[in-house]
Amino acid sequence: MTVHQHAVSMGEFARYLRYLTGLLDSGRGWYGVFCRRDPAGMRACLEGAELPPWDVMESLLVDLTTERGAVFAERESVRAAELYAVSAVAHDRRPGGREQLVERLELMLREQSHAAQRLRTAHAGGDAGVVDAEAVAWARDDHARATARCAELRRRLAAVAVPAGWFRAEPEPGPGAAPEPEAVPERVEVARAPAAPARKKPRGARFAGLDVDEESTESAASVLPVPPAAAAAVPRGARFGGAPGAGDAPAVPAPAAVDPAALQAARDTVATLLGLRAEGRSGEAHGVLCEAAGLPADRLPVLAAELHRAGLGADWATLLWEVSSLSPAVLAAAAAALAEAGRPEDCDRLLRQGVVRPAAEIADAVVALDRAGRGPQAQALLGAFVRVRTPQDAAKIAESDPHHLVPQLLAAARGVSGARERDVVHALRVAGIA
């Protein structure tokens with residue numbers, strides 16, 4: 001992608017961001033928080049000089065839900081996701097883009113470690129032993145955002161290494177295989193290394209909530225308002241590039257009949273993660289999550305329950321992102337296992353996160369879900385794809401098996417809107433499929 005195309009894409013996204021924020025009250029909600037905490041950073045994003053992390057966009061869509069309603073926010077989330085994906089690819093493929101991603105990943109790993117330490121301190125009540133609910137809320141939000149941004153940066157690094165797609169194209173690993181780490185820089189375990197004296201702290205709305213100086217003992221949470229309650233109501237539109245709702249979710253009990261070996265393995269994984277997090281070894285912790293993503297699908301619900309029980313909901317969100325980048329067969333098996341175990345929200349999230357992979361892979365995943373008797377999950381995956389991607393992309397799904405896939409594709413498009421169904425029908429006809 002040329003420098004000119006990069007400028008055009010970033011400019012288009014900046015115009016959309018100005019339109020979106022123009023619908024919001026800068027004195028309220030998350031937009032108000034971002035403007036107060038770092039007006040210069042927010043201005044850089046609005047001017048097209050920087051691309052905000054996707055979790056910032058999600059927060060703005062939360063505000064939009066509050067001010068304009070869920071239906072309007074849902075529609076805007078689709079447009080926001082489309083523009084964001086194009087802008088991120090353009091931004092990252094420009095000269096020096098990959099190097100900047102590597103630098104930001106290392107910085108965000110540090111910030112993730114700092115946020116985890118603040119969260120532990122806040123839960124312990126600090127020196128006085130008194131728990132400050134406001135400090136806990138902000139520390140939890142900072143940690144969730146840092147975790148989401150690390151995951152997003154890894155995705156974008158993988159996309160730079162494999163220009164054909166947003167996600168890394170897996171070489172069809174078996175059920176026990178872990179993702180290949182070739183696109184991730186080797187020096188990502190930076191939490192144990194001393195910070196360089198001249199290291200720049202990440203600033204701007206793109207790092208909102210994470211402006212923490214490791215030389216300072218003062219918590220930023222102590223001078224900030226409690227996060228808006230609407231943060232829990234993220235619109236259910238096309239959301240990717242980060243880990244949506246990455247905060248610690250309420251503990252979900254493990255299924256009644258749990259394989260003892262699976263339960264013990266899950267508890268061992270949790271114990272390892274807790275130890276690594278306590279020591280600030282974020283890179284190694286992420287490696288454990290990558291390995292866990294390759295577990296047999298039926299073990300994932302057990303691990304989810306144990307992670308939430310230990311307060312590691314953010315790690316579960318990261319693990320879901322890792323699973324979403326694996327082969328279509330693995331994605332389908334994981335979605336089916338989560339649905340079977342009574343975790344429909346996790347299943348839906350996993351499917352939504354997988355919709356930016358190539359159309360042919362989506363077709364494979366749909367077929368795999370159908371063969372497993374998971375028709376509703378197959379339709380959910382198609383619906384998410386049709387909602388986010390262009391009608392022309394949707395038509396490509398049906399190329400491998402029109403007889404089987406065209407009816408399902410049209411049903412999914414119909415579930416989005418009549419206009420989207422007509423667009424998909426037209427795209428199918430143009431492609432000579434229907």
# chains A, B, ... in the order shown; residues from 1 in each chain; ligands from 1
call {"tool": "residues_around", "arguments": {"residues": "Thr147 of chain A", "least_positions_apart": "5", "cutoff": "10 Å", "atoms": "only C-alpha atoms", "output": "number ranges by chain"}}
result
A: 108-109, 111-113, 115-116, 141-142, 152, 242-243, 246-247, 282, 286, 314-315, 317-318
call {"tool": "select_by_dssp", "arguments": {"residues": "segment 389-430 of chain A", "states": "helix (DSSP H, G or I)", "output": "PyMOL selection string"}}
result
chain A and resi 391-397+402-416+418-430
call {"tool": "write_last_selection", "arguments": {"atoms": "N, CA, C and O atoms", "output": "compact mmCIF listing (two decimals), in the first residue's frame"}}
result
# COMPACT_ATOMS: atom_id res chain seq x y z
N PRO A 391 -20.85 -7.07 0.58
CA PRO A 391 -21.62 -8.11 -0.11
C PRO A 391 -20.76 -8.95 -1.05
O PRO A 391 -20.99 -10.14 -1.21
N GLN A 392 -19.75 -8.33 -1.66
CA GLN A 392 -18.86 -9.06 -2.55
C GLN A 392 -18.06 -10.12 -1.78
O GLN A 392 -17.87 -11.24 -2.26
N ASP A 393 -17.61 -9.75 -0.58
CA ASP A 393 -16.91 -10.73 0.26
C ASP A 393 -17.86 -11.86 0.66
O ASP A 393 -17.48 -13.03 0.69
N ALA A 394 -19.09 -11.49 0.98
CA ALA A 394 -20.07 -12.50 1.38
C ALA A 394 -20.33 -13.49 0.25
O ALA A 394 -20.46 -14.70 0.48
N ALA A 395 -20.38 -12.99 -0.97
CA ALA A 395 -20.62 -13.87 -2.11
C ALA A 395 -19.51 -14.91 -2.26
O ALA A 395 -19.76 -16.04 -2.69
N LYS A 396 -18.30 -14.54 -1.90
CA LYS A 396 -17.18 -15.47 -2.04
C LYS A 396 -17.34 -16.69 -1.13
O LYS A 396 -16.76 -17.75 -1.41
N ILE A 397 -18.09 -16.54 -0.05
CA ILE A 397 -18.30 -17.66 0.86
C ILE A 397 -18.96 -18.82 0.13
O ILE A 397 -18.66 -19.99 0.37
N PRO A 402 -22.12 -23.73 -3.60
CA PRO A 402 -23.30 -22.86 -3.72
C PRO A 402 -24.59 -23.52 -3.25
O PRO A 402 -25.42 -22.88 -2.59
N HIS A 403 -24.79 -24.78 -3.59
CA HIS A 403 -26.04 -25.45 -3.25
C HIS A 403 -26.27 -25.45 -1.74
O HIS A 403 -27.39 -25.23 -1.26
N HIS A 404 -25.22 -25.67 -0.99
CA HIS A 404 -25.34 -25.75 0.46
C HIS A 404 -25.28 -24.37 1.13
O HIS A 404 -26.00 -24.11 2.11
N LEU A 405 -24.42 -23.49 0.62
CA LEU A 405 -24.11 -22.25 1.33
C LEU A 405 -24.95 -21.05 0.93
O LEU A 405 -25.18 -20.16 1.74
N VAL A 406 -25.45 -21.00 -0.30
CA VAL A 406 -26.24 -19.84 -0.73
C VAL A 406 -27.49 -19.65 0.13
O VAL A 406 -27.77 -18.53 0.59
N PRO A 407 -28.30 -20.70 0.38
CA PRO A 407 -29.48 -20.49 1.23
C PRO A 407 -29.13 -19.98 2.62
O PRO A 407 -29.81 -19.09 3.16
N GLN A 408 -28.07 -20.52 3.21
CA GLN A 408 -27.67 -20.07 4.54
C GLN A 408 -27.17 -18.63 4.52
O GLN A 408 -27.46 -17.84 5.42
N LEU A 409 -26.43 -18.30 3.46
CA LEU A 409 -25.90 -16.95 3.33
C LEU A 409 -27.03 -15.94 3.20
O LEU A 409 -27.03 -14.88 3.84
N LEU A 410 -28.02 -16.26 2.39
CA LEU A 410 -29.15 -15.34 2.21
C LEU A 410 -29.97 -15.22 3.48
O LEU A 410 -30.47 -14.13 3.81
N ALA A 411 -30.11 -16.31 4.20
CA ALA A 411 -30.85 -16.24 5.47
C ALA A 411 -30.12 -15.34 6.47
O ALA A 411 -30.75 -14.56 7.19
N ALA A 412 -28.80 -15.45 6.49
CA ALA A 412 -28.02 -14.59 7.38
C ALA A 412 -28.14 -13.12 6.98
O ALA A 412 -28.29 -12.24 7.84
N ALA A 413 -28.09 -12.85 5.68
CA ALA A 413 -28.23 -11.47 5.20
C ALA A 413 -29.61 -10.93 5.51
O ALA A 413 -29.77 -9.76 5.89
N ARG A 414 -30.62 -11.77 5.38
CA ARG A 414 -32.00 -11.37 5.68
C ARG A 414 -32.14 -11.00 7.15
O ARG A 414 -32.90 -10.10 7.53
N GLY A 415 -31.38 -11.71 7.99
CA GLY A 415 -31.42 -11.41 9.41
C GLY A 415 -30.81 -10.07 9.76
O GLY A 415 -31.11 -9.50 10.80
N VAL A 416 -29.95 -9.56 8.88
CA VAL A 416 -29.35 -8.24 9.08
C VAL A 416 -30.33 -7.16 8.64
O VAL A 416 -30.69 -6.27 9.40
N GLY A 418 -33.31 -6.24 5.03
CA GLY A 418 -33.75 -6.52 3.67
C GLY A 418 -32.80 -5.94 2.65
O GLY A 418 -32.54 -6.55 1.60
N ALA A 419 -32.27 -4.76 2.96
CA ALA A 419 -31.34 -4.11 2.03
C ALA A 419 -30.06 -4.93 1.89
O ALA A 419 -29.53 -5.10 0.78
N ARG A 420 -29.57 -5.48 3.01
CA ARG A 420 -28.35 -6.27 2.93
C ARG A 420 -28.59 -7.57 2.15
O ARG A 420 -27.73 -8.02 1.39
N GLU A 421 -29.78 -8.14 2.29
CA GLU A 421 -30.10 -9.35 1.52
C GLU A 421 -30.09 -9.05 0.03
O GLU A 421 -29.54 -9.82 -0.77
N ARG A 422 -30.68 -7.91 -0.36
CA ARG A 422 -30.70 -7.55 -1.78
C ARG A 422 -29.28 -7.32 -2.30
O ARG A 422 -28.95 -7.73 -3.43
N ASP A 423 -28.45 -6.71 -1.48
CA ASP A 423 -27.06 -6.47 -1.90
C ASP A 423 -26.31 -7.79 -2.09
O ASP A 423 -25.53 -7.94 -3.05
N VAL A 424 -26.53 -8.74 -1.21
CA VAL A 424 -25.86 -10.03 -1.32
C VAL A 424 -26.37 -10.80 -2.54
O VAL A 424 -25.59 -11.44 -3.26
N VAL A 425 -27.69 -10.74 -2.79
CA VAL A 425 -28.25 -11.39 -3.98
C VAL A 425 -27.60 -10.83 -5.24
O VAL A 425 -27.22 -11.57 -6.15
N HIS A 426 -27.48 -9.50 -5.29
CA HIS A 426 -26.86 -8.86 -6.45
C HIS A 426 -25.41 -9.31 -6.60
O HIS A 426 -24.94 -9.62 -7.72
N ALA A 427 -24.67 -9.36 -5.48
CA ALA A 427 -23.26 -9.77 -5.54
C ALA A 427 -23.13 -11.22 -6.00
O ALA A 427 -22.21 -11.55 -6.76
N LEU A 428 -24.04 -12.06 -5.57
CA LEU A 428 -24.03 -13.46 -6.02
C LEU A 428 -24.26 -13.56 -7.53
O LEU A 428 -23.61 -14.36 -8.22
N ARG A 429 -25.18 -12.76 -8.03
CA ARG A 429 -25.47 -12.78 -9.45
C ARG A 429 -24.29 -12.27 -10.27
O ARG A 429 -23.95 -12.84 -11.33
N VAL A 430 -23.70 -11.20 -9.81
CA VAL A 430 -22.53 -10.65 -10.50
C VAL A 430 -21.40 -11.68 -10.55
O VAL A 430 -20.67 -11.78 -11.54
call {"tool": "residues_around", "arguments": {"residues": "Ser324 of chain A", "least_positions_apart": "5", "cutoff": "8 Å", "atoms": "only C-alpha atoms", "output": "list in words"}}
result
Leu331, Leu350, Leu351, Gln353 and Gly354 of chain A
call {"tool": "closest_residue", "arguments": {"among": "A:Asp132, A:Asp364, A:Gly342, A:Arg352", "to": "Gly383 of chain A", "atoms": "only C-alpha atoms"}}
result
A:Arg352
call {"tool": "closest_residue", "arguments": {"among": "A:Arg309, A:Arg299, A:Arg357, A:His114", "to": "Ala334 of chain A", "atoms": "only C-alpha atoms"}}
result
A:Arg299
call {"tool": "atom_distance", "arguments": {"atom1": "atom CA of Trp316 of chain A", "atom2": "atom CA of Cys290 of chain A"}}
result
11.0 Å
call {"tool": "closest_residue", "arguments": {"among": "A:Ala341, A:Leu289, A:Ala368, A:Val56", "to": "Ser327 of chain A", "atoms": "only C-alpha atoms"}}
result
A:Ala368
call {"tool": "atom_distance", "arguments": {"atom1": "atom CA of Met10 of chain A", "atom2": "atom CA of Ser87 of chain A"}}
result
5.4 Å
call {"tool": "atom_distance", "arguments": {"atom1": "atom CA of Leu263 of chain A", "atom2": "atom CA of Leu300 of chain A"}}
result
10.3 Å
call {"tool": "closest_residue", "arguments": {"among": "A:Val160, A:Leu119, A:Met57, A:Ala151", "to": "Ala133 of chain A", "atoms": "only C-alpha atoms"}}
result
A:Leu119
call {"tool": "residues_around", "arguments": {"residues": "Val355 of chain A", "least_positions_apart": "6", "cutoff": "8 Å", "atoms": "only C-alpha atoms", "output": "ChimeraX atom specification"}}
result
/A:362,381,384-385,388
call {"tool": "write_last_selection", "arguments": {"atoms": "all heavy atoms", "output": "PDB file, in the first residue's frame"}}
result
ATOM      1  N   ILE A 362     -14.110 -18.858   6.258  1.00  0.00           N
ATOM      2  CA  ILE A 362     -15.436 -18.772   6.880  1.00  0.00           C
ATOM      3  C   ILE A 362     -16.322 -19.894   6.352  1.00  0.00           C
ATOM      4  O   ILE A 362     -17.054 -20.539   7.107  1.00  0.00           O
ATOM      5  CB  ILE A 362     -16.075 -17.397   6.596  1.00  0.00           C
ATOM      6  CG1 ILE A 362     -15.270 -16.281   7.270  1.00  0.00           C
ATOM      7  CG2 ILE A 362     -17.516 -17.367   7.077  1.00  0.00           C
ATOM      8  CD1 ILE A 362     -15.276 -16.310   8.771  1.00  0.00           C
ATOM      9  N   LEU A 381     -22.160 -17.186  12.784  1.00  0.00           N
ATOM     10  CA  LEU A 381     -20.915 -16.814  12.116  1.00  0.00           C
ATOM     11  C   LEU A 381     -21.193 -16.122  10.790  1.00  0.00           C
ATOM     12  O   LEU A 381     -20.591 -15.078  10.470  1.00  0.00           O
ATOM     13  CB  LEU A 381     -20.066 -18.064  11.896  1.00  0.00           C
ATOM     14  CG  LEU A 381     -18.733 -17.878  11.173  1.00  0.00           C
ATOM     15  CD1 LEU A 381     -17.854 -16.882  11.904  1.00  0.00           C
ATOM     16  CD2 LEU A 381     -18.009 -19.210  11.028  1.00  0.00           C
ATOM     17  N   ALA A 384     -22.595 -12.567  11.432  1.00  0.00           N
ATOM     18  CA  ALA A 384     -21.559 -11.606  11.800  1.00  0.00           C
ATOM     19  C   ALA A 384     -20.733 -11.201  10.586  1.00  0.00           C
ATOM     20  O   ALA A 384     -20.376 -10.038  10.411  1.00  0.00           O
ATOM     21  CB  ALA A 384     -20.657 -12.202  12.885  1.00  0.00           C
ATOM     22  N   PHE A 385     -20.422 -12.173   9.723  1.00  0.00           N
ATOM     23  CA  PHE A 385     -19.634 -11.893   8.522  1.00  0.00           C
ATOM     24  C   PHE A 385     -20.392 -10.949   7.596  1.00  0.00           C
ATOM     25  O   PHE A 385     -19.849  -9.953   7.102  1.00  0.00           O
ATOM     26  CB  PHE A 385     -19.312 -13.200   7.805  1.00  0.00           C
ATOM     27  CG  PHE A 385     -18.347 -13.044   6.655  1.00  0.00           C
ATOM     28  CD1 PHE A 385     -16.997 -13.250   6.843  1.00  0.00           C
ATOM     29  CD2 PHE A 385     -18.788 -12.686   5.389  1.00  0.00           C
ATOM     30  CE1 PHE A 385     -16.099 -13.098   5.791  1.00  0.00           C
ATOM     31  CE2 PHE A 385     -17.907 -12.539   4.335  1.00  0.00           C
ATOM     32  CZ  PHE A 385     -16.555 -12.746   4.545  1.00  0.00           C
ATOM     33  N   VAL A 388     -20.489  -7.332   8.812  1.00  0.00           N
ATOM     34  CA  VAL A 388     -19.249  -6.558   8.821  1.00  0.00           C
ATOM     35  C   VAL A 388     -18.632  -6.395   7.433  1.00  0.00           C
ATOM     36  O   VAL A 388     -18.158  -5.329   7.069  1.00  0.00           O
ATOM     37  CB  VAL A 388     -18.223  -7.228   9.758  1.00  0.00           C
ATOM     38  CG1 VAL A 388     -16.891  -6.491   9.726  1.00  0.00           C
ATOM     39  CG2 VAL A 388     -18.758  -7.271  11.168  1.00  0.00           C
TER      40      VAL A 388
END
call {"tool": "residues_around", "arguments": {"residues": "Met42 of chain A", "least_positions_apart": "3", "cutoff": "12 Å", "atoms": "only C-alpha atoms", "output": "PyMOL selection string"}}
result
chain A and resi 14+17-18+21+26+30-39+45-53+56-57+60+203-208
